[in-house]
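Student: The file below is upload.cif, mmCIF, C-alpha atoms:
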```cif
data_structure
#
loop_
_atom_site.group_PDB
_atom_site.id
_atom_site.type_symbol
_atom_site.label_atom_id
_atom_site.label_comp_id
_atom_site.auth_asym_id
_atom_site.auth_seq_id
_atom_site.Cartn_x
_atom_site.Cartn_y
_atom_site.Cartn_z
ATOM 1 C CA MET A 2 0.000 0.000 0.000
ATOM 2 C CA THR A 3 1.258 3.474 -0.849
ATOM 3 C CA ASN A 4 2.095 5.627 2.188
ATOM 4 C CA ILE A 5 1.763 9.410 1.806
ATOM 5 C CA VAL A 6 2.603 11.913 4.543
ATOM 6 C CA GLY A 7 1.171 15.418 4.687
ATOM 7 C CA VAL A 8 3.238 18.098 6.449
ATOM 8 C CA VAL A 9 1.456 21.255 7.596
ATOM 9 C CA ALA A 10 3.831 24.131 8.337
ATOM 10 C CA GLY A 11 1.319 26.540 9.845
ATOM 11 C CA PRO A 12 2.031 28.299 13.145
ATOM 12 C CA GLU A 13 -0.724 26.371 14.948
ATOM 13 C CA PRO A 14 -2.610 23.126 14.312
ATOM 14 C CA GLY A 15 -5.671 23.072 12.079
ATOM 15 C CA GLY A 16 -6.760 25.898 9.865
ATOM 16 C CA ARG A 17 -6.721 26.529 6.136
ATOM 17 C CA THR A 18 -3.399 24.901 5.306
ATOM 18 C CA ALA A 19 -4.303 21.709 7.183
ATOM 19 C CA ALA A 20 -7.618 21.618 5.298
ATOM 20 C CA ALA A 21 -5.811 21.994 1.954
ATOM 21 C CA VAL A 22 -3.246 19.269 2.744
ATOM 22 C CA SER A 23 -6.042 16.994 3.993
ATOM 23 C CA GLY A 24 -7.952 17.604 0.757
ATOM 24 C CA ILE A 25 -4.977 16.419 -1.295
ATOM 25 C CA LEU A 26 -4.407 13.405 0.960
ATOM 26 C CA ALA A 27 -8.082 12.434 0.666
ATOM 27 C CA GLY A 28 -7.777 12.277 -3.107
ATOM 28 C CA THR A 29 -4.791 9.916 -3.131
ATOM 29 C CA GLY A 30 -6.581 6.686 -2.197
ATOM 30 C CA ALA A 31 -3.429 5.818 -0.231
ATOM 31 C CA SER A 32 -2.610 5.237 3.404
ATOM 32 C CA THR A 33 -2.032 8.761 4.726
ATOM 33 C CA SER A 34 -0.983 10.629 7.824
ATOM 34 C CA LEU A 35 -0.986 14.322 8.647
ATOM 35 C CA ILE A 36 1.864 15.915 10.593
ATOM 36 C CA GLU A 37 1.545 19.382 12.086
ATOM 37 C CA LEU A 38 5.013 20.958 12.327
ATOM 38 C CA SER A 39 3.814 23.145 15.194
ATOM 39 C CA GLN A 40 3.266 19.967 17.247
ATOM 40 C CA THR A 41 5.959 17.549 16.023
ATOM 41 C CA PRO A 42 9.743 17.455 16.501
ATOM 42 C CA PHE A 43 11.770 17.515 13.285
ATOM 43 C CA GLU A 44 13.285 14.089 14.021
ATOM 44 C CA LYS A 45 9.829 12.497 13.890
ATOM 45 C CA VAL A 46 9.034 14.324 10.647
ATOM 46 C CA THR A 47 12.224 13.205 8.913
ATOM 47 C CA ALA A 48 11.600 9.646 10.139
ATOM 48 C CA ALA A 49 8.145 9.853 8.538
ATOM 49 C CA PHE A 50 9.786 11.037 5.293
ATOM 50 C CA ALA A 51 11.981 7.941 5.275
ATOM 51 C CA ASP A 52 8.940 5.649 5.587
ATOM 52 C CA ALA A 53 6.793 7.537 3.052
ATOM 53 C CA ASP A 54 6.426 6.967 -0.672
ATOM 54 C CA ALA A 55 5.375 10.601 -1.149
ATOM 55 C CA VAL A 56 4.972 13.817 0.818
ATOM 56 C CA VAL A 57 2.516 16.708 0.595
ATOM 57 C CA PHE A 58 4.143 19.932 1.782
ATOM 58 C CA GLY A 59 1.680 22.587 2.930
ATOM 59 C CA SER A 60 2.455 26.069 4.175
ATOM 60 C CA PRO A 61 0.824 29.433 4.553
ATOM 61 C CA VAL A 62 2.597 32.171 2.623
ATOM 62 C CA TYR A 63 4.257 34.885 4.688
ATOM 63 C CA ARG A 64 6.384 37.584 3.050
ATOM 64 C CA ALA A 65 6.013 35.889 -0.345
ATOM 65 C CA GLY A 66 7.422 32.526 0.763
ATOM 66 C CA HIS A 67 6.798 29.405 2.813
ATOM 67 C CA THR A 68 7.040 29.571 6.597
ATOM 68 C CA ALA A 69 10.244 29.725 8.599
ATOM 69 C CA SER A 70 9.272 26.440 10.272
ATOM 70 C CA LEU A 71 9.174 24.640 6.913
ATOM 71 C CA LYS A 72 12.455 26.251 5.893
ATOM 72 C CA ALA A 73 14.017 25.095 9.190
ATOM 73 C CA LEU A 74 12.675 21.562 8.671
ATOM 74 C CA LEU A 75 14.156 21.400 5.181
ATOM 75 C CA GLU A 76 17.470 22.744 6.453
ATOM 76 C CA ALA A 77 17.475 19.998 9.124
ATOM 77 C CA THR A 78 16.664 17.263 6.592
ATOM 78 C CA GLU A 79 19.695 15.395 5.313
ATOM 79 C CA ARG A 80 20.125 14.850 1.596
ATOM 80 C CA GLY A 81 22.959 12.340 1.443
ATOM 81 C CA LYS A 82 25.660 14.874 0.586
ATOM 82 C CA TRP A 83 28.778 16.168 2.321
ATOM 83 C CA GLY A 84 29.003 13.356 4.854
ATOM 84 C CA GLU A 85 25.293 13.108 5.599
ATOM 85 C CA LYS A 86 24.214 9.513 6.154
ATOM 86 C CA THR A 87 20.590 9.713 4.973
ATOM 87 C CA ALA A 88 18.497 11.234 2.189
ATOM 88 C CA PRO A 89 14.891 10.604 3.270
ATOM 89 C CA LEU A 90 13.319 12.705 0.499
ATOM 90 C CA GLN A 91 15.456 11.575 -2.430
ATOM 91 C CA GLY A 92 13.586 9.475 -4.963
ATOM 92 C CA LYS A 93 10.182 10.390 -3.536
ATOM 93 C CA ALA A 94 7.222 12.119 -5.117
ATOM 94 C CA ALA A 95 5.792 15.288 -3.584
ATOM 95 C CA ALA A 96 3.034 17.818 -3.961
ATOM 96 C CA VAL A 97 3.096 21.430 -2.786
ATOM 97 C CA VAL A 98 0.119 23.426 -1.525
ATOM 98 C CA LEU A 99 0.428 26.974 -0.259
ATOM 99 C CA THR A 100 -2.286 29.143 1.222
ATOM 100 C CA GLY A 101 -2.591 32.903 1.420
ATOM 101 C CA ALA A 102 -4.961 35.757 2.047
ATOM 102 C CA SER A 103 -5.122 36.703 -1.629
ATOM 103 C CA GLY A 104 -3.930 35.494 -5.000
ATOM 104 C CA HIS A 105 -0.992 37.901 -4.992
ATOM 105 C CA HIS A 106 1.500 35.333 -3.684
ATOM 106 C CA PHE A 107 0.697 32.309 -5.848
ATOM 107 C CA LEU A 108 4.206 32.316 -7.354
ATOM 108 C CA ALA A 109 5.620 31.337 -3.949
ATOM 109 C CA VAL A 110 4.733 27.765 -4.963
ATOM 110 C CA ASP A 111 7.606 27.886 -7.470
ATOM 111 C CA GLY A 112 10.197 28.614 -4.783
ATOM 112 C CA LEU A 113 9.266 25.614 -2.655
ATOM 113 C CA ARG A 114 8.949 23.349 -5.685
ATOM 114 C CA SER A 115 12.413 24.439 -6.825
ATOM 115 C CA VAL A 116 14.003 23.715 -3.429
ATOM 116 C CA LEU A 117 12.446 20.245 -3.285
ATOM 117 C CA ALA A 118 13.366 19.308 -6.853
ATOM 118 C CA GLY A 119 16.811 20.845 -7.051
ATOM 119 C CA PHE A 120 18.140 20.495 -3.540
ATOM 120 C CA PHE A 121 16.558 17.170 -2.535
ATOM 121 C CA ALA A 122 16.023 15.438 -5.923
ATOM 122 C CA VAL A 123 12.286 15.057 -5.255
ATOM 123 C CA GLN A 124 9.927 14.508 -8.198
ATOM 124 C CA VAL A 125 7.445 17.339 -7.582
ATOM 125 C CA LEU A 126 3.934 17.392 -9.011
ATOM 126 C CA SER A 127 3.461 20.411 -11.216
ATOM 127 C CA PRO A 128 1.730 22.791 -11.057
ATOM 128 C CA GLY A 129 1.589 23.290 -7.316
ATOM 129 C CA LEU A 130 -1.672 24.226 -5.636
ATOM 130 C CA TYR A 131 -2.307 27.693 -4.207
ATOM 131 C CA LEU A 132 -5.520 28.522 -2.369
ATOM 132 C CA ASP A 133 -6.482 31.956 -1.114
ATOM 133 C CA HIS A 134 -9.306 32.745 1.303
ATOM 134 C CA SER A 135 -11.913 32.533 -1.467
ATOM 135 C CA GLY A 136 -11.231 28.777 -1.627
ATOM 136 C CA TYR A 137 -12.730 28.198 1.830
ATOM 137 C CA VAL A 138 -16.201 28.131 3.335
ATOM 138 C CA ASP A 139 -14.647 28.812 6.737
ATOM 139 C CA ARG A 140 -11.230 28.432 8.365
ATOM 140 C CA GLU A 141 -11.309 24.621 8.172
ATOM 141 C CA THR A 142 -13.554 23.811 5.193
ATOM 142 C CA LEU A 143 -12.684 23.963 1.506
ATOM 143 C CA THR A 144 -15.344 25.120 -0.951
ATOM 144 C CA PRO A 145 -16.651 22.287 -3.160
ATOM 145 C CA GLU A 146 -14.563 23.621 -6.064
ATOM 146 C CA SER A 147 -11.388 23.774 -3.961
ATOM 147 C CA ALA A 148 -12.064 20.327 -2.499
ATOM 148 C CA GLU A 149 -12.328 18.866 -6.010
ATOM 149 C CA LEU A 150 -9.160 20.668 -7.112
ATOM 150 C CA ALA A 151 -7.291 19.333 -4.052
ATOM 151 C CA ALA A 152 -8.625 15.816 -4.709
ATOM 152 C CA ALA A 153 -7.475 16.063 -8.344
ATOM 153 C CA HIS A 154 -3.991 16.951 -7.092
ATOM 154 C CA GLY A 155 -4.200 13.955 -4.777
ATOM 155 C CA ARG A 156 -5.068 11.619 -7.654
ATOM 156 C CA ALA A 157 -2.230 13.059 -9.731
ATOM 157 C CA LEU A 158 0.181 12.655 -6.806
ATOM 158 C CA ALA A 159 -0.841 8.998 -6.488
ATOM 159 C CA ASP A 160 -0.087 8.482 -10.189
ATOM 160 C CA LEU A 161 3.251 10.304 -9.909
ATOM 161 C CA THR A 162 4.143 8.242 -6.843
ATOM 162 C CA ASN A 163 3.472 5.005 -8.721
ATOM 163 C CA ALA A 164 5.584 6.214 -11.640
ATOM 164 C CA VAL A 165 8.489 7.139 -9.368
ATOM 165 C CA ARG A 166 8.243 3.855 -7.424
ATOM 166 C CA SER A 167 8.351 1.869 -10.666
ATOM 167 C CA SER A 168 11.341 3.746 -12.121
ATOM 168 C CA GLU A 169 14.839 3.004 -10.876
ATOM 169 C CA ALA A 170 16.045 5.978 -12.949
ATOM 170 C CA LEU A 171 13.737 8.463 -11.174
ATOM 171 C CA ARG A 172 14.551 7.069 -7.733
ATOM 172 C CA SER A 173 18.309 7.169 -8.309
ATOM 173 C CA ILE A 174 18.640 10.825 -9.333
ATOM 174 C CA THR A 175 20.645 12.715 -6.726
ATOM 175 C CA PRO A 176 21.094 16.430 -6.080
ATOM 176 C CA VAL A 177 23.893 17.874 -8.203
ATOM 177 C CA VAL A 178 25.553 19.809 -5.374
#
```
Take the structure I supplied and represent it as structure tokens, if you would.

Tutor:
Amino acid sequence: MTNIVGVVAGPEPGGRTAAAVSGILAGTGASTSLIELSQTPFEKVTAAFADADAVVFGSPVYRAGHTASLKALLEATERGKWGEKTAPLQGKAAAVVLTGASGHHFLAVDGLRSVLAGFFAVQVLSPGLYLDHSGYVDRETLTPESAELAAAHGRALADLTNAVRSSEALRSITPVV
């Protein structure tokens, strides 16, 4: 069974980003778990990466980028280079979902996608998903349209995960530097 982990990098548990990540996870048809960075030590998160076939990274957008907590997690995650012993994200599939107050920061998805693909050799579903406040009924509920869009990303992530798992070439790509 495919195992997909969702990481929510919001400042507190629940909320819009957790709803968006949950919407993607629900569409995968896989065994899933949701990790709230605000409640979970990095060591447990990176251990979950190692056991996962794919990861959904979710973050609110602050100052046109993902949260400092997600940046810190990624900086603490080994990538098998320069004496590091592990690379828990390498050869995995991932999806990115960012949330914001308005549509003005949707390009922040590109920055996170670039870090995951280039720095960790993750196969990242493209395009990423960006939801602003209009995509929600309330703080914890996606609109029907947003829920279907998130589920479609989940289905696509499941397909990408199967493709990566079945390809030795995709799994063996390493970061250049």

Student: Do a neighbour search on Asp52 of chain A at 9 Å with only C-alpha atoms, toss out local chain neighbours closer than 6 positions, and write the hits as a PyMOL selection string.

Tutor: chain A and resi 4-6+89

Student: Kindly give the distance, in Å, that separates atom CA of Ala96 of chain A and atom CA of Ser127 of chain A, rounded to a single decimal.

Tutor: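 Straight-line distance from atom CA of Ala96 of chain A to atom CA of Ser127 of chain A works out to 7.7 Å.
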
Student: In Å to one decimal, how far is atom CA of Leu158 of chain A from atom CA of Gly101 of chain A?

Tutor: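 Computed distance, atom CA of Gly101 of chain A to atom CA of Leu158 of chain A, equals 22.0 Å.
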
Student: Do a neighbour search on Val9 of chain A at 9 Å with all atoms listed in the file, toss out local chain neighbours closer than 4 positions, and write the hits as a compact mmCIF listing (two decimals) with C-alpha atoms, keeping the file's coordinate frame.

Tutor:
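Final output, out.txt:
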```txt
# COMPACT_ATOMS: atom_id res chain seq x y z
CA PRO A 14 -2.61 23.13 14.31
CA GLY A 15 -5.67 23.07 12.08
CA THR A 18 -3.40 24.90 5.31
CA ALA A 19 -4.30 21.71 7.18
CA VAL A 22 -3.25 19.27 2.74
CA LEU A 35 -0.99 14.32 8.65
CA ILE A 36 1.86 15.92 10.59
CA GLU A 37 1.54 19.38 12.09
CA LEU A 38 5.01 20.96 12.33
CA SER A 39 3.81 23.14 15.19
CA VAL A 57 2.52 16.71 0.60
CA PHE A 58 4.14 19.93 1.78
CA GLY A 59 1.68 22.59 2.93
CA SER A 60 2.46 26.07 4.18
CA PRO A 61 0.82 29.43 4.55
CA LEU A 71 9.17 24.64 6.91
```

Student: Just say which residues the PyMOL selection byres ((chain A and resi 122) around 8) picks in this file, as a PDB file with C-alpha atoms, in the frame of the given file.

Tutor:
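Final file, expr_21.pdb:
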```
ATOM      1  CA  LEU A  90      13.319  12.705   0.499  1.00  0.00           C
ATOM      2  CA  GLN A  91      15.456  11.575  -2.430  1.00  0.00           C
ATOM      3  CA  GLY A  92      13.586   9.475  -4.963  1.00  0.00           C
ATOM      4  CA  LEU A 117      12.446  20.245  -3.285  1.00  0.00           C
ATOM      5  CA  ALA A 118      13.366  19.308  -6.853  1.00  0.00           C
ATOM      6  CA  GLY A 119      16.811  20.845  -7.051  1.00  0.00           C
ATOM      7  CA  PHE A 120      18.140  20.495  -3.540  1.00  0.00           C
ATOM      8  CA  PHE A 121      16.558  17.170  -2.535  1.00  0.00           C
ATOM      9  CA  VAL A 123      12.286  15.057  -5.255  1.00  0.00           C
ATOM     10  CA  GLN A 124       9.927  14.508  -8.198  1.00  0.00           C
ATOM     11  CA  ILE A 174      18.640  10.825  -9.333  1.00  0.00           C
ATOM     12  CA  THR A 175      20.645  12.715  -6.726  1.00  0.00           C
ATOM     13  CA  PRO A 176      21.094  16.430  -6.080  1.00  0.00           C
TER      14      PRO A 176
END
```

Student: Please indicate the distance in Å from atom CA of Leu130 of chain A to atom CA of Glu44 of chain A, rounded to one decimal place.

Tutor: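 Taking atom CA of Leu130 of chain A and atom CA of Glu44 of chain A, their separation equals 26.7 Å.
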
Student: Using all atoms listed in the file, can you tell me which of A:Ala73, A:Val62, A:Ile25, A:Val177 comes closest to Gly155 of chain A?

Tutor: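 Closest to Gly155 of chain A of all the choices is A:Ile25.
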
Student: Using the chain letters and numbers from the file, give me the residues hit by the PyMOL selection byres ((chain A and resi 55) around 6), as a list in words.

Tutor: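 Selected by the PyMOL selection byres ((chain A and resi 55) around 6) in this file: Ile5, Ala53, Asp54, Val56, Lys93, Ala94 and Ala95 of chain A.
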
Student: How would you write as a PyMOL selection string the residues that get within 12 Å of (-4.3, 24.7, 1.1) in the file's frame, counting all atoms listed in the file?

Tutor: chain A and resi 7-11+15-26+57-62+96-102+107+110+129-137+140-144+147-148+150-152+154

Student: Please expand the PyMOL selection byres ((chain A and resi 76-78) around 10) into the concrete residues it hits in this file, giving the result as a list in words.

Tutor: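 So the PyMOL selection byres ((chain A and resi 76-78) around 10) ends up selecting Phe43, Glu44, Val46, Thr47, Ala48, Phe50, Ser70, Leu71, Lys72, Ala73, Leu74, Leu75, Glu79, Arg80, Gly81, Glu85, Thr87, Ala88, Pro89, Leu90 and Phe121 of chain A.
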
Student: Using all atoms listed in the file, which residue out of A:Thr162, A:Thr29, A:Ser103, A:Ser34 lies closest to Tyr63 of chain A?

Tutor: A:Ser103

Student: Got a sec to write segment 112-125 of chain A of the block to a file, N, CA, C and O atoms, as a PDB file, in the first residue's frame?

Tutor:
```pdb
ATOM      1  N   GLY A 112       9.010  28.646  -5.630  1.00  0.00           N
ATOM      2  CA  GLY A 112      10.197  28.614  -4.783  1.00  0.00           C
ATOM      3  C   GLY A 112      10.325  27.313  -4.020  1.00  0.00           C
ATOM      4  O   GLY A 112      11.396  26.690  -3.994  1.00  0.00           O
ATOM      5  N   LEU A 113       9.233  26.862  -3.413  1.00  0.00           N
ATOM      6  CA  LEU A 113       9.266  25.614  -2.655  1.00  0.00           C
ATOM      7  C   LEU A 113       9.466  24.425  -3.586  1.00  0.00           C
ATOM      8  O   LEU A 113      10.259  23.520  -3.294  1.00  0.00           O
ATOM      9  N   ARG A 114       8.788  24.437  -4.710  1.00  0.00           N
ATOM     10  CA  ARG A 114       8.949  23.349  -5.685  1.00  0.00           C
ATOM     11  C   ARG A 114      10.407  23.264  -6.151  1.00  0.00           C
ATOM     12  O   ARG A 114      10.975  22.186  -6.270  1.00  0.00           O
ATOM     13  N   SER A 115      11.026  24.401  -6.379  1.00  0.00           N
ATOM     14  CA  SER A 115      12.413  24.439  -6.825  1.00  0.00           C
ATOM     15  C   SER A 115      13.364  23.876  -5.765  1.00  0.00           C
ATOM     16  O   SER A 115      14.289  23.123  -6.084  1.00  0.00           O
ATOM     17  N   VAL A 116      13.167  24.235  -4.514  1.00  0.00           N
ATOM     18  CA  VAL A 116      14.003  23.715  -3.429  1.00  0.00           C
ATOM     19  C   VAL A 116      13.875  22.196  -3.346  1.00  0.00           C
ATOM     20  O   VAL A 116      14.874  21.477  -3.246  1.00  0.00           O
ATOM     21  N   LEU A 117      12.650  21.691  -3.392  1.00  0.00           N
ATOM     22  CA  LEU A 117      12.446  20.245  -3.285  1.00  0.00           C
ATOM     23  C   LEU A 117      13.069  19.499  -4.460  1.00  0.00           C
ATOM     24  O   LEU A 117      13.740  18.486  -4.275  1.00  0.00           O
ATOM     25  N   ALA A 118      12.856  19.994  -5.664  1.00  0.00           N
ATOM     26  CA  ALA A 118      13.366  19.308  -6.853  1.00  0.00           C
ATOM     27  C   ALA A 118      14.882  19.431  -6.968  1.00  0.00           C
ATOM     28  O   ALA A 118      15.579  18.438  -7.169  1.00  0.00           O
ATOM     29  N   GLY A 119      15.396  20.622  -6.825  1.00  0.00           N
ATOM     30  CA  GLY A 119      16.811  20.845  -7.051  1.00  0.00           C
ATOM     31  C   GLY A 119      17.703  20.437  -5.902  1.00  0.00           C
ATOM     32  O   GLY A 119      18.766  19.861  -6.102  1.00  0.00           O
ATOM     33  N   PHE A 120      17.291  20.723  -4.692  1.00  0.00           N
ATOM     34  CA  PHE A 120      18.140  20.495  -3.540  1.00  0.00           C
ATOM     35  C   PHE A 120      17.993  19.085  -2.968  1.00  0.00           C
ATOM     36  O   PHE A 120      18.936  18.551  -2.388  1.00  0.00           O
ATOM     37  N   PHE A 121      16.806  18.486  -3.121  1.00  0.00           N
ATOM     38  CA  PHE A 121      16.558  17.170  -2.535  1.00  0.00           C
ATOM     39  C   PHE A 121      16.325  16.074  -3.570  1.00  0.00           C
ATOM     40  O   PHE A 121      16.146  14.917  -3.208  1.00  0.00           O
ATOM     41  N   ALA A 122      16.284  16.405  -4.852  1.00  0.00           N
ATOM     42  CA  ALA A 122      16.023  15.438  -5.923  1.00  0.00           C
ATOM     43  C   ALA A 122      14.676  14.746  -5.738  1.00  0.00           C
ATOM     44  O   ALA A 122      14.534  13.538  -5.905  1.00  0.00           O
ATOM     45  N   VAL A 123      13.659  15.533  -5.392  1.00  0.00           N
ATOM     46  CA  VAL A 123      12.286  15.057  -5.255  1.00  0.00           C
ATOM     47  C   VAL A 123      11.582  15.275  -6.596  1.00  0.00           C
ATOM     48  O   VAL A 123      11.792  16.300  -7.258  1.00  0.00           O
ATOM     49  N   GLN A 124      10.745  14.351  -6.990  1.00  0.00           N
ATOM     50  CA  GLN A 124       9.927  14.508  -8.198  1.00  0.00           C
ATOM     51  C   GLN A 124       8.639  15.222  -7.771  1.00  0.00           C
ATOM     52  O   GLN A 124       7.787  14.624  -7.109  1.00  0.00           O
ATOM     53  N   VAL A 125       8.522  16.498  -8.103  1.00  0.00           N
ATOM     54  CA  VAL A 125       7.445  17.339  -7.582  1.00  0.00           C
ATOM     55  C   VAL A 125       6.334  17.500  -8.613  1.00  0.00           C
ATOM     56  O   VAL A 125       6.590  17.870  -9.765  1.00  0.00           O
TER      57      VAL A 125
END
```
